[in-house]
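upload.cif follows (mmCIF, C-alpha atoms):
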```
data_input
#
loop_
_atom_site.label_atom_id
_atom_site.label_comp_id
_atom_site.auth_asym_id
_atom_site.auth_seq_id
_atom_site.Cartn_x
_atom_site.Cartn_y
_atom_site.Cartn_z
CA MET Z 30 -70.27 -12.36 31.59
CA LYS Z 31 -68.53 -14.87 29.36
CA LYS Z 32 -67.88 -12.19 26.71
CA THR Z 33 -66.50 -9.88 29.40
CA LEU Z 34 -64.05 -12.52 30.65
CA ILE Z 35 -62.85 -13.22 27.10
CA SER Z 36 -62.34 -9.49 26.47
CA LEU Z 37 -60.34 -9.13 29.68
CA ALA Z 38 -58.18 -12.13 28.73
CA VAL Z 39 -57.42 -10.66 25.29
CA LEU Z 40 -56.58 -7.26 26.82
CA ALA Z 41 -54.27 -8.87 29.37
CA ALA Z 42 -52.44 -10.78 26.65
CA ALA Z 43 -52.05 -7.62 24.58
CA SER Z 44 -50.80 -5.68 27.59
CA THR Z 45 -48.23 -8.39 28.32
CA GLY Z 46 -46.96 -8.19 24.74
CA ILE Z 47 -46.69 -4.40 24.88
CA ALA Z 48 -44.78 -4.51 28.15
CA HIS Z 49 -42.40 -7.13 26.78
CA ALA Z 50 -41.59 -5.21 23.58
CA GLN Z 51 -39.79 -2.32 25.29
CA SER Z 52 -38.41 0.40 23.03
CA SER Z 53 -36.40 3.58 23.35
CA VAL Z 54 -35.48 6.53 21.12
CA THR Z 55 -32.53 8.84 21.78
CA ILE Z 56 -31.77 12.24 20.30
CA TYR Z 57 -28.02 12.90 20.13
CA GLY Z 58 -25.59 15.20 18.38
CA THR Z 59 -22.33 17.14 18.20
CA VAL Z 60 -21.82 20.88 17.70
CA ASP Z 61 -18.24 21.72 16.70
CA ALA Z 62 -16.85 25.09 15.59
CA ALA Z 63 -13.29 26.38 15.25
CA PHE Z 64 -11.19 29.29 14.11
CA VAL Z 65 -9.04 27.99 11.26
CA SER Z 66 -6.01 29.61 9.61
CA GLU Z 67 -4.77 28.00 6.38
CA ARG Z 68 -1.64 28.88 4.43
CA GLY Z 69 0.48 27.72 1.51
CA GLY Z 70 -2.18 27.48 -1.19
CA ALA Z 71 -2.72 29.62 -4.27
CA ALA Z 72 -5.41 31.56 -2.37
CA GLY Z 73 -2.82 32.72 0.19
CA THR Z 74 -3.70 32.95 3.86
CA VAL Z 75 -7.31 31.96 4.56
CA ASN Z 76 -8.80 32.70 7.99
CA LYS Z 77 -12.30 31.44 8.72
CA ILE Z 78 -14.76 29.97 11.18
CA SER Z 79 -15.26 26.34 10.23
CA SER Z 80 -17.72 23.68 11.36
CA GLY Z 81 -16.82 20.11 12.27
CA THR Z 82 -13.05 20.55 12.49
CA SER Z 83 -12.46 17.93 15.19
CA SER Z 84 -15.63 15.92 14.55
CA ALA Z 85 -18.52 16.67 12.21
CA SER Z 86 -21.46 18.68 13.53
CA ARG Z 87 -24.60 16.53 13.44
CA ILE Z 88 -27.96 15.73 14.94
CA GLY Z 89 -29.31 12.21 15.04
CA PHE Z 90 -32.03 9.88 16.23
CA LYS Z 91 -31.39 6.28 17.25
CA GLY Z 92 -33.71 3.73 18.70
CA THR Z 93 -34.09 0.10 19.71
CA GLU Z 94 -36.99 -2.25 20.37
CA ASP Z 95 -36.70 -5.47 22.35
CA LEU Z 96 -38.30 -8.23 20.28
CA GLY Z 97 -37.66 -10.95 22.83
CA ASN Z 98 -35.34 -13.98 22.93
CA GLY Z 99 -32.27 -11.73 22.76
CA LEU Z 100 -33.33 -10.10 19.47
CA SER Z 101 -33.76 -6.33 19.03
CA ALA Z 102 -34.68 -4.01 16.20
CA LEU Z 103 -32.63 -0.83 15.75
CA PHE Z 104 -32.43 2.27 13.59
CA VAL Z 105 -30.22 5.36 13.12
CA LEU Z 106 -31.10 8.58 11.29
CA GLU Z 107 -28.31 11.19 11.30
CA SER Z 108 -28.05 14.56 9.57
CA GLY Z 109 -24.95 16.73 9.19
CA PHE Z 110 -24.93 20.51 9.27
CA SER Z 111 -22.52 23.46 9.30
CA VAL Z 112 -22.75 25.27 12.61
CA ASP Z 113 -21.08 28.39 11.15
CA THR Z 114 -23.90 28.90 8.63
CA GLY Z 115 -26.71 26.60 9.76
CA ALA Z 116 -26.82 24.95 6.33
CA GLN Z 117 -27.10 21.23 5.66
CA ASP Z 118 -23.88 19.44 4.80
CA LYS Z 119 -25.44 18.20 1.59
CA ALA Z 120 -28.28 20.18 0.07
CA GLY Z 121 -31.37 18.16 -0.74
CA SER Z 122 -30.37 15.29 1.56
CA LEU Z 123 -31.96 15.07 5.00
CA PHE Z 124 -30.11 12.18 6.66
CA ASN Z 125 -26.91 12.41 4.62
CA ARG Z 126 -24.60 10.99 7.28
CA GLN Z 127 -26.34 7.77 8.31
CA SER Z 128 -29.76 6.23 7.75
CA TYR Z 129 -30.24 2.53 8.40
CA VAL Z 130 -32.46 -0.04 10.05
CA GLY Z 131 -31.58 -3.52 11.26
CA LEU Z 132 -31.72 -6.38 13.71
CA THR Z 133 -29.21 -7.26 16.42
CA SER Z 134 -28.64 -10.31 18.60
CA LYS Z 135 -25.96 -11.05 21.17
CA ASP Z 136 -25.65 -14.58 19.80
CA THR Z 137 -25.75 -14.03 16.04
CA GLY Z 138 -24.56 -10.45 15.50
CA THR Z 139 -26.02 -7.36 13.82
CA LEU Z 140 -27.44 -6.90 10.32
CA THR Z 141 -28.24 -3.39 9.03
CA LEU Z 142 -29.48 -1.97 5.73
CA GLY Z 143 -29.11 1.60 4.43
CA ARG Z 144 -26.51 4.37 4.37
CA GLN Z 145 -23.67 3.70 6.80
CA TYR Z 146 -19.93 3.84 7.49
CA THR Z 147 -17.66 1.38 5.67
CA PRO Z 148 -15.48 -1.18 7.49
CA TYR Z 149 -12.45 0.69 6.09
CA TYR Z 150 -13.49 4.03 7.60
CA ASN Z 151 -14.36 2.46 10.96
CA THR Z 152 -10.84 1.02 11.12
CA LEU Z 153 -9.14 4.25 10.03
CA SER Z 154 -11.08 6.47 12.45
CA LYS Z 155 -11.34 4.24 15.51
CA ILE Z 156 -8.05 2.31 15.49
CA ALA Z 157 -5.47 3.81 13.12
CA ASP Z 158 -5.55 7.57 13.74
CA PRO Z 159 -4.69 9.27 17.06
CA PHE Z 160 -6.64 12.31 15.76
CA ALA Z 161 -9.72 10.11 15.06
CA VAL Z 162 -9.79 11.57 11.50
CA GLY Z 163 -10.37 15.04 12.93
CA TYR Z 164 -8.42 18.22 13.71
CA ALA Z 165 -5.70 19.52 11.38
CA GLY Z 166 -3.90 16.18 11.72
CA SER Z 167 -6.71 14.08 10.24
CA ALA Z 168 -5.50 10.90 8.57
CA LYS Z 169 -8.04 11.65 5.81
CA ASN Z 170 -5.59 14.28 4.51
CA LEU Z 171 -3.37 11.52 3.06
CA PHE Z 172 -5.15 8.19 3.56
CA PRO Z 173 -8.10 7.10 1.41
CA SER Z 174 -11.23 7.81 3.44
CA ASN Z 175 -13.93 5.56 1.88
CA THR Z 176 -16.21 7.12 4.49
CA ARG Z 177 -19.75 5.84 3.96
CA THR Z 178 -21.93 4.21 1.32
CA SER Z 179 -25.62 4.14 0.48
CA ASN Z 180 -27.62 1.03 -0.49
CA THR Z 181 -25.48 -1.10 1.83
CA VAL Z 182 -26.05 -4.37 3.66
CA TYR Z 183 -23.71 -4.59 6.68
CA TYR Z 184 -23.15 -7.58 8.99
CA THR Z 185 -21.13 -7.47 12.23
CA SER Z 186 -20.37 -10.66 14.14
CA PRO Z 187 -20.51 -11.04 17.92
CA LYS Z 188 -17.20 -10.95 19.79
CA PHE Z 189 -15.51 -14.28 20.54
CA ASN Z 190 -12.65 -14.02 23.04
CA GLY Z 191 -11.75 -10.59 21.74
CA PHE Z 192 -12.12 -11.45 18.03
CA ASP Z 193 -14.81 -10.12 15.70
CA ALA Z 194 -15.41 -9.55 11.98
CA ASP Z 195 -17.70 -7.62 9.68
CA VAL Z 196 -18.62 -7.48 6.00
CA ALA Z 197 -20.45 -4.86 3.91
CA TYR Z 198 -21.90 -5.09 0.41
CA THR Z 199 -23.01 -1.97 -1.46
CA PHE Z 200 -25.29 -2.38 -4.47
CA GLY Z 201 -24.30 -0.35 -7.53
CA GLU Z 202 -27.96 -0.33 -8.62
CA GLN Z 203 -27.09 0.05 -12.30
CA ALA Z 204 -29.11 -1.53 -15.07
CA ASP Z 205 -27.92 -4.77 -16.70
CA SER Z 206 -25.00 -5.24 -14.31
CA ASN Z 207 -24.67 -6.49 -10.73
CA LYS Z 208 -20.98 -5.51 -10.59
CA SER Z 209 -20.98 -1.93 -11.91
CA GLY Z 210 -20.66 0.59 -9.11
CA ARG Z 211 -20.71 -1.98 -6.33
CA GLN Z 212 -18.46 -1.83 -3.27
CA ILE Z 213 -17.34 -4.63 -0.97
CA GLY Z 214 -15.64 -4.25 2.40
CA ALA Z 215 -14.63 -6.70 5.11
CA SER Z 216 -12.53 -6.58 8.26
CA ALA Z 217 -11.42 -8.75 11.17
CA GLY Z 218 -9.92 -7.62 14.43
CA TYR Z 219 -8.83 -8.38 17.96
CA ALA Z 220 -9.40 -6.15 20.98
CA ASN Z 221 -8.42 -7.24 24.46
CA GLY Z 222 -6.83 -5.26 27.26
CA PRO Z 223 -4.43 -2.62 25.93
CA LEU Z 224 -4.26 -4.00 22.37
CA ASN Z 225 -6.66 -3.15 19.54
CA ALA Z 226 -5.73 -4.40 16.06
CA ARG Z 227 -7.62 -4.78 12.79
CA LEU Z 228 -7.15 -5.74 9.14
CA VAL Z 229 -9.59 -4.40 6.53
CA TYR Z 230 -10.06 -4.77 2.76
CA ASN Z 231 -12.14 -2.55 0.48
CA LEU Z 232 -12.98 -2.89 -3.23
CA VAL Z 233 -14.81 -0.32 -5.37
CA ASN Z 234 -15.98 -1.06 -8.91
CA ASN Z 235 -15.67 2.28 -10.77
CA GLN Z 236 -17.66 1.25 -13.83
CA THR Z 237 -20.77 3.29 -14.66
CA SER Z 238 -22.78 3.88 -17.79
CA ALA Z 239 -20.55 6.89 -18.50
CA ASN Z 240 -17.20 5.12 -18.05
CA SER Z 241 -17.04 1.42 -18.83
CA ASN Z 242 -14.02 -0.83 -18.29
CA ILE Z 243 -12.37 1.71 -16.01
CA GLY Z 244 -11.39 -0.94 -13.48
CA SER Z 245 -11.59 -1.19 -9.71
CA GLY Z 246 -9.87 0.42 -6.77
CA ARG Z 247 -8.60 -1.80 -3.94
CA ASN Z 248 -7.45 -0.86 -0.44
CA LEU Z 249 -5.86 -2.99 2.26
CA LEU Z 250 -5.28 -1.43 5.69
CA ALA Z 251 -3.63 -2.93 8.77
CA ALA Z 252 -3.94 -0.85 11.94
CA ALA Z 253 -3.24 -1.25 15.63
CA ASN Z 254 -2.95 0.77 18.81
CA TYR Z 255 -1.56 -0.22 22.20
CA ASP Z 256 -2.27 1.55 25.47
CA PHE Z 257 0.84 1.83 27.67
CA VAL Z 258 -1.18 3.93 30.18
CA VAL Z 259 1.38 6.76 30.06
CA ALA Z 260 0.81 6.92 26.28
CA LYS Z 261 -1.12 5.13 23.54
CA ALA Z 262 0.87 4.19 20.42
CA TYR Z 263 -0.66 3.99 16.93
CA LEU Z 264 0.58 2.27 13.78
CA ALA Z 265 -1.13 1.84 10.40
CA TYR Z 266 -0.04 0.72 6.94
CA GLY Z 267 -2.18 0.84 3.81
CA VAL Z 268 -1.76 -0.58 0.31
CA ASN Z 269 -3.79 1.10 -2.46
CA LYS Z 270 -4.02 -0.25 -6.01
CA GLY Z 271 -6.20 0.53 -9.01
CA VAL Z 272 -8.17 3.48 -10.36
CA ASN Z 273 -9.45 5.84 -7.64
CA SER Z 274 -7.81 3.76 -4.93
CA ASN Z 275 -6.35 6.90 -3.35
CA VAL Z 276 -7.91 10.14 -4.59
CA TYR Z 277 -6.71 13.51 -3.27
CA ASN Z 278 -8.60 14.69 -0.20
CA SER Z 279 -9.87 17.67 -2.21
CA GLY Z 280 -11.87 15.21 -4.33
CA LEU Z 281 -9.58 15.14 -7.36
CA SER Z 282 -9.79 11.58 -8.71
CA ASN Z 283 -8.42 9.60 -11.64
CA THR Z 284 -11.85 9.80 -13.26
CA ASN Z 285 -12.28 13.57 -13.28
CA PHE Z 286 -8.56 14.08 -13.93
CA ALA Z 287 -8.90 12.20 -17.24
CA ALA Z 288 -12.15 14.03 -18.02
CA ASN Z 289 -10.29 17.35 -18.02
CA GLY Z 290 -7.70 16.55 -20.66
CA GLY Z 291 -5.28 14.70 -18.42
CA ALA Z 292 -4.15 17.73 -16.38
CA TYR Z 293 -5.38 19.95 -13.58
CA THR Z 294 -4.03 23.45 -12.91
CA GLY Z 295 -5.13 26.34 -10.71
CA SER Z 296 -8.17 26.85 -12.92
CA SER Z 297 -9.82 23.98 -11.04
CA SER Z 298 -11.08 24.33 -7.48
CA LEU Z 299 -9.89 20.75 -6.91
CA ASN Z 300 -6.26 21.89 -7.14
CA ALA Z 301 -5.39 24.33 -4.36
CA TYR Z 302 -1.88 25.16 -5.56
CA ALA Z 303 -2.24 26.50 -9.14
CA TYR Z 304 0.49 24.23 -10.47
CA GLN Z 305 -0.03 21.24 -12.73
CA ALA Z 306 -1.15 18.40 -10.52
CA ALA Z 307 0.05 14.84 -10.79
CA ALA Z 308 -2.74 12.34 -11.32
CA PRO Z 309 -3.75 10.46 -8.17
CA SER Z 310 -1.65 7.34 -7.80
CA ILE Z 311 -3.02 3.95 -8.80
CA ASP Z 312 -0.23 2.16 -6.91
CA SER Z 313 0.69 3.58 -3.51
CA THR Z 314 1.26 2.86 0.15
CA THR Z 315 0.39 4.97 3.18
CA LEU Z 316 2.13 4.77 6.58
CA LEU Z 317 1.08 6.33 9.90
CA VAL Z 318 2.95 6.45 13.20
CA GLY Z 319 1.35 8.34 16.07
CA ALA Z 320 0.59 8.66 19.76
CA THR Z 321 -1.76 10.18 22.30
CA VAL Z 322 -0.52 11.16 25.75
CA PRO Z 323 -2.80 12.00 28.69
CA VAL Z 324 -1.90 15.31 30.34
CA GLY Z 325 -3.37 15.59 33.82
CA GLU Z 326 -6.95 14.45 34.36
CA ALA Z 327 -8.54 16.27 31.43
CA GLY Z 328 -5.92 16.92 28.74
CA THR Z 329 -4.76 14.81 25.79
CA PHE Z 330 -1.74 15.49 23.58
CA MET Z 331 -1.86 14.06 20.02
CA ALA Z 332 0.88 13.62 17.43
CA SER Z 333 1.33 11.76 14.14
CA TYR Z 334 3.51 11.39 11.08
CA ILE Z 335 2.00 10.15 7.80
CA LYS Z 336 3.78 9.28 4.57
CA ALA Z 337 2.00 8.74 1.23
CA ASN Z 338 4.33 6.88 -1.12
CA ASP Z 339 3.39 6.96 -4.82
CA LYS Z 340 4.99 3.97 -6.57
CA GLY Z 341 3.97 5.19 -10.03
CA ILE Z 342 6.02 7.08 -12.59
CA ALA Z 343 5.02 10.49 -11.19
CA ASN Z 344 6.34 9.62 -7.71
CA ALA Z 345 3.94 12.19 -6.25
CA ASP Z 346 4.70 11.60 -2.58
CA ALA Z 347 3.65 13.58 0.48
CA ASP Z 348 4.53 13.76 4.18
CA GLN Z 349 2.38 15.16 7.00
CA PHE Z 350 3.47 16.17 10.50
CA ALA Z 351 0.73 17.00 13.03
CA LEU Z 352 0.38 18.05 16.67
CA GLY Z 353 -2.77 18.61 18.70
CA TYR Z 354 -4.14 19.11 22.20
CA SER Z 355 -7.65 18.56 23.58
CA TYR Z 356 -8.89 19.60 27.01
CA ALA Z 357 -12.15 18.27 28.46
CA LEU Z 358 -14.08 21.00 30.25
CA SER Z 359 -16.71 18.39 31.16
CA LYS Z 360 -17.87 14.97 29.98
CA ARG Z 361 -19.64 16.58 27.02
CA THR Z 362 -17.63 19.73 26.25
CA SER Z 363 -14.01 20.11 25.19
CA THR Z 364 -11.73 22.71 23.66
CA TYR Z 365 -8.84 21.96 21.33
CA ALA Z 366 -5.98 23.27 19.21
CA SER Z 367 -4.04 21.55 16.42
CA TYR Z 368 -1.47 22.22 13.70
CA ALA Z 369 -0.39 20.21 10.65
CA LYS Z 370 1.94 20.68 7.72
CA ILE Z 371 2.11 18.69 4.48
CA LYS Z 372 5.13 18.52 2.20
CA ASN Z 373 3.96 17.73 -1.34
CA LYS Z 374 6.41 16.37 -3.91
CA ASN Z 375 6.42 16.04 -7.70
CA GLY Z 376 2.99 17.54 -8.33
CA ALA Z 377 1.09 16.03 -5.41
CA VAL Z 378 -1.76 18.32 -4.29
CA TYR Z 379 -2.78 17.09 -0.84
CA THR Z 380 -4.11 19.78 1.53
CA VAL Z 381 -4.38 20.15 5.32
CA GLY Z 382 -8.03 19.94 6.27
CA GLY Z 383 -10.05 18.68 9.21
CA ASN Z 384 -12.85 16.22 9.73
CA SER Z 385 -15.35 18.10 7.53
CA ASP Z 386 -13.19 20.39 5.37
CA ALA Z 387 -10.46 19.54 2.84
CA GLY Z 388 -8.58 22.81 3.44
CA SER Z 389 -6.88 25.20 1.02
CA GLY Z 390 -3.14 24.91 1.65
CA ASP Z 391 -0.24 22.85 2.95
CA LYS Z 392 -0.37 24.26 6.51
CA ALA Z 393 -3.25 24.83 8.92
CA PHE Z 394 -3.82 25.82 12.54
CA ASN Z 395 -7.13 25.60 14.33
CA VAL Z 396 -8.54 26.24 17.79
CA GLY Z 397 -12.09 25.27 18.60
CA LEU Z 398 -14.87 24.10 20.89
CA ARG Z 399 -16.91 20.89 20.71
CA HIS Z 400 -20.07 20.03 22.61
CA SER Z 401 -21.89 16.68 22.47
CA PHE Z 402 -25.40 15.90 23.67
#
```
Encoding of this model in structure tokens:
Amino acid sequence: MKKTLISLAVLAAASTGIAHAQSSVTIYGTVDAAFVSERGGAAGTVNKISSGTSSASRIGFKGTEDLGNGLSALFVLESGFSVDTGAQDKAGSLFNRQSYVGLTSKDTGTLTLGRQYTPYYNTLSKIADPFAVGYAGSAKNLFPSNTRTSNTVYYTSPKFNGFDADVAYTFGEQADSNKSGRQIGASAGYANGPLNARLVYNLVNNQTSANSNIGSGRNLLAAANYDFVVAKAYLAYGVNKGVNSNVYNSGLSNTNFAANGGAYTGSSSLNAYAYQAAAPSIDSTTLLVGATVPVGEAGTFMASYIKANDKGIANADADQFALGYSYALSKRTSTYASYAKIKNKNGAVYTVGGNSDAGSGDKAFNVGLRHSF
């Protein structure tokens, strides 16, 4: 009898612990496909079905577990794919978009480890750009993207009267050096009522075993939006200094530019225009002015102007004008159309792309459908 009572007591204690540690796992995703027409590049007019034009197609798993006393464990595993072909975004990588695990507390903030978005990209996509770095008008066409990093420790503070901050440290994981290949990002912001503003800094050490003493790239971005109800206004200004501080959206960087004899022509897939490209600037500024306007109960009109100002000798500037419209068919499904044009100057080779595609020319139009689950 005594043994039975002890067994029941142990089982009751275990059951209480299991009930207390509640957990949940959610499957989520986005499926986005569009007809895209690109013009102005060396390839001429390119018509295609593209995936992830407004926002990248993905499938993900996220979960939390209540650990008690306001502390929870969390994880995210997210894989990107091309809906037009069914292929993975990055061959040989399962969760190429995000993969991290961490702890979160309302009182002390959130700490995560793994592959995740940078503070810079979060500011650019969520605060600076009326196109949310998607559609033909994506700010990634001219702004540095610094999208995500692997091997990253990321801390986000709780909100205090509208203020919050975050910091991320990415390990370079190179032998005999703690600095080579590392990346550091930090931001602070204020969000209250109609105003959302943020300042972010990013530093990338470009040194690897193959290229020593190449220097670092540094980015400073100030962004804000203000909701006037009848329209939301956007303003962003970036300062980019150092090697690879603002590579072309096609992927052409200072590093691979130098590796190919100091010039890129149409023989490279990284240059869409078949003329000699100017090297990416190591001293530039980027300005964005934009707006979103609600149209009826389900429509949203988007517009922006972006100027990339190269302060180097090449003076390889560029301007982008963009318009877009999105219509919500339901809470999870929307259709959209957008158009953008870039004016390159003095050998600049920026292209009009979308969220997941760099594009092939200086003009692009797209019309598509996006469904989230």
Revision key, fill the gap. Counting all atoms listed in the file, the residue among Z:Pro148, Z:Gly376, Z:Gly143, Z:Gly109 that lies closest to Z:Asn300 is Z:Gly376
Please evaluate the PyMOL selection byres ((chain Z and resi 60-69) around 10) against the structure above and give the resulting residues as a short mmCIF file (atom, residue, chain, number, x, y, z; two decimals) with C-alpha atoms, keeping the file's coordinate frame.
```cif
data_model
loop_
_atom_site.label_atom_id
_atom_site.label_comp_id
_atom_site.auth_asym_id
_atom_site.auth_seq_id
_atom_site.Cartn_x
_atom_site.Cartn_y
_atom_site.Cartn_z
CA GLY Z 58 -25.59 15.20 18.38
CA THR Z 59 -22.33 17.14 18.20
CA GLY Z 70 -2.18 27.48 -1.19
CA ALA Z 71 -2.72 29.62 -4.27
CA ALA Z 72 -5.41 31.56 -2.37
CA GLY Z 73 -2.82 32.72 0.19
CA THR Z 74 -3.70 32.95 3.86
CA VAL Z 75 -7.31 31.96 4.56
CA ASN Z 76 -8.80 32.70 7.99
CA LYS Z 77 -12.30 31.44 8.72
CA ILE Z 78 -14.76 29.97 11.18
CA SER Z 79 -15.26 26.34 10.23
CA SER Z 80 -17.72 23.68 11.36
CA GLY Z 81 -16.82 20.11 12.27
CA THR Z 82 -13.05 20.55 12.49
CA SER Z 83 -12.46 17.93 15.19
CA SER Z 84 -15.63 15.92 14.55
CA ALA Z 85 -18.52 16.67 12.21
CA SER Z 86 -21.46 18.68 13.53
CA ARG Z 87 -24.60 16.53 13.44
CA ILE Z 88 -27.96 15.73 14.94
CA GLY Z 109 -24.95 16.73 9.19
CA PHE Z 110 -24.93 20.51 9.27
CA SER Z 111 -22.52 23.46 9.30
CA VAL Z 112 -22.75 25.27 12.61
CA ASP Z 113 -21.08 28.39 11.15
CA TYR Z 164 -8.42 18.22 13.71
CA ALA Z 165 -5.70 19.52 11.38
CA ALA Z 301 -5.39 24.33 -4.36
CA TYR Z 302 -1.88 25.16 -5.56
CA THR Z 362 -17.63 19.73 26.25
CA SER Z 363 -14.01 20.11 25.19
CA THR Z 364 -11.73 22.71 23.66
CA TYR Z 365 -8.84 21.96 21.33
CA ALA Z 366 -5.98 23.27 19.21
CA SER Z 367 -4.04 21.55 16.42
CA TYR Z 368 -1.47 22.22 13.70
CA ALA Z 369 -0.39 20.21 10.65
CA LYS Z 370 1.94 20.68 7.72
CA ILE Z 371 2.11 18.69 4.48
CA THR Z 380 -4.11 19.78 1.53
CA VAL Z 381 -4.38 20.15 5.32
CA GLY Z 382 -8.03 19.94 6.27
CA GLY Z 383 -10.05 18.68 9.21
CA GLY Z 388 -8.58 22.81 3.44
CA SER Z 389 -6.88 25.20 1.02
CA GLY Z 390 -3.14 24.91 1.65
CA ASP Z 391 -0.24 22.85 2.95
CA LYS Z 392 -0.37 24.26 6.51
CA ALA Z 393 -3.25 24.83 8.92
CA PHE Z 394 -3.82 25.82 12.54
CA ASN Z 395 -7.13 25.60 14.33
CA VAL Z 396 -8.54 26.24 17.79
CA GLY Z 397 -12.09 25.27 18.60
CA LEU Z 398 -14.87 24.10 20.89
CA ARG Z 399 -16.91 20.89 20.71
CA HIS Z 400 -20.07 20.03 22.61
CA SER Z 401 -21.89 16.68 22.47
CA PHE Z 402 -25.40 15.90 23.67
#
```
Revision key, fill the gap. Here atom CA of Z:Ser298 and atom CA of Z:Asp158 stand apart by 27.6 Å
Exercise for review: For the structure shown, which residues end up in the PyMOL selection byres ((chain Z and resi 284) around 9)? Put them as a list of chain:residue names, please?
Suggested key: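 Given this file, the PyMOL selection byres ((chain Z and resi 284) around 9) evaluates to Z:Asn235, Z:Asn240, Z:Ile243, Z:Val272, Z:Asn273, Z:Leu281, Z:Ser282, Z:Asn283, Z:Asn285, Z:Phe286, Z:Ala287, Z:Ala288.
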Exercise for review: Please provide as a list of chain:residue names all residues within 12 Å of Z:Gly222, with the sequence filter that same-chain residues fewer than 5 positions apart are discarded (counting all atoms listed in the file).
Suggested key: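 Using all atoms listed in the file, the neighbours found are Z:Asn190, Z:Gly191, Z:Asn254, Z:Tyr255, Z:Asp256, Z:Phe257, Z:Val258.
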Exercise for review: Excluding Z:Ala345 and residues on its chain fewer than 3 positions from it, collect all residues at most 6 Å away from it, counting all atoms listed in the file, and give them as a PyMOL selection string.
Suggested key: chain Z and resi 339+374-377
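From atom CA of Z:Ser206 back to atom CA of Z:Asn242, the distance works out to 12.5 Å.
Proximity to Z:Thr315 was assessed for Z:Asn225, Z:Ser274, Z:Thr329, Z:Thr93 counting all atoms listed in the file; the smallest distance is recorded for Z:Ser274.
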Taking 6 positions as the minimum chain separation for residues in the same chain, which residues sit within 9 Å of Z:Ala102 when counting only C-alpha atoms? Answer as a JSON list (two decimals) with C-alpha atoms, in the frame of the given file.
```json
[["chain", "number", "residue", "atom", "x", "y", "z"],
["Z", 52, "SER", "CA", -38.41, 0.40, 23.03],
["Z", 92, "GLY", "CA", -33.71, 3.73, 18.70],
["Z", 93, "THR", "CA", -34.09, 0.10, 19.71],
["Z", 94, "GLU", "CA", -36.99, -2.25, 20.37],
["Z", 95, "ASP", "CA", -36.70, -5.47, 22.35],
["Z", 96, "LEU", "CA", -38.30, -8.23, 20.28],
["Z", 130, "VAL", "CA", -32.46, -0.04, 10.05],
["Z", 131, "GLY", "CA", -31.58, -3.52, 11.26],
["Z", 132, "LEU", "CA", -31.72, -6.38, 13.71],
["Z", 133, "THR", "CA", -29.21, -7.26, 16.42]]
```
Practice item. Provide the atom CA of Z:Ile156 to atom CA of Z:Ala220 distance in Å, to one decimal place. Key: 10.2 Å
Exercise for review: Tell me which residues the PyMOL selection byres ((chain Z and resi 214) around 8) grabs here, as an MDAnalysis selection string.
Suggested key: chainID Z and resid 147:149 196:198 212:213 215:216 229:232
Per residue of stretch 197-296 of chain Z within 6 Å of stretch 317-325 of chain Z, note the shortest atom pair and the distance in Å to one decimal, counting all atoms listed in the file, and order the rows by chain and increasing residue number, as CSV.
```
residue,atom,partner,partner_atom,distance
Z:Ala260,CA,Z:Val322,CA,4.5
Z:Lys261,CA,Z:Thr321,CA,5.2
Z:Ala262,CA,Z:Ala320,CA,4.5
Z:Tyr263,CA,Z:Gly319,CA,4.9
Z:Leu264,CA,Z:Val318,CA,4.8
Z:Ala265,CA,Z:Leu317,CA,5.0
```
Practice item. Using all atoms listed in the file, pick whichever of Z:Phe330, Z:Phe172, Z:Tyr57, Z:Tyr150 has the shortest atom-to-atom distance to Z:Asp348. Key: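 So, comparing all the options, the nearest one is Z:Phe172.
With only C-alpha atoms as the atoms that count, the residue of Z:Val378, Z:Ala217, Z:Leu123, Z:Leu224 with the shortest distance to Z:Ala194 is Z:Ala217.
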Check your understanding: In terms of the shortest atom-to-atom distance over all atoms listed in the file, which of Z:Val162, Z:Ala337, Z:Val54, Z:Val233 is closest to Z:Ser385?
Key ->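 That would be Z:Val162, the residue with the smallest distance to Z:Ser385.
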Exercise for review: Find the spatial neighbours of Z:Asn269, counting only C-alpha atoms, within a cut-off of 12 Å - ignore same-chain residues fewer than 2 positions away - and output them as an MDAnalysis selection string.
Suggested key: chainID Z and resid 171:175 230:233 245:251 266:267 271:276 309:316 337:341
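Counting only C-alpha atoms, the residue from Z:Ala161, Z:Leu142, Z:Ala168, Z:Ala306 that sits nearest to Z:Asn180 is Z:Leu142.
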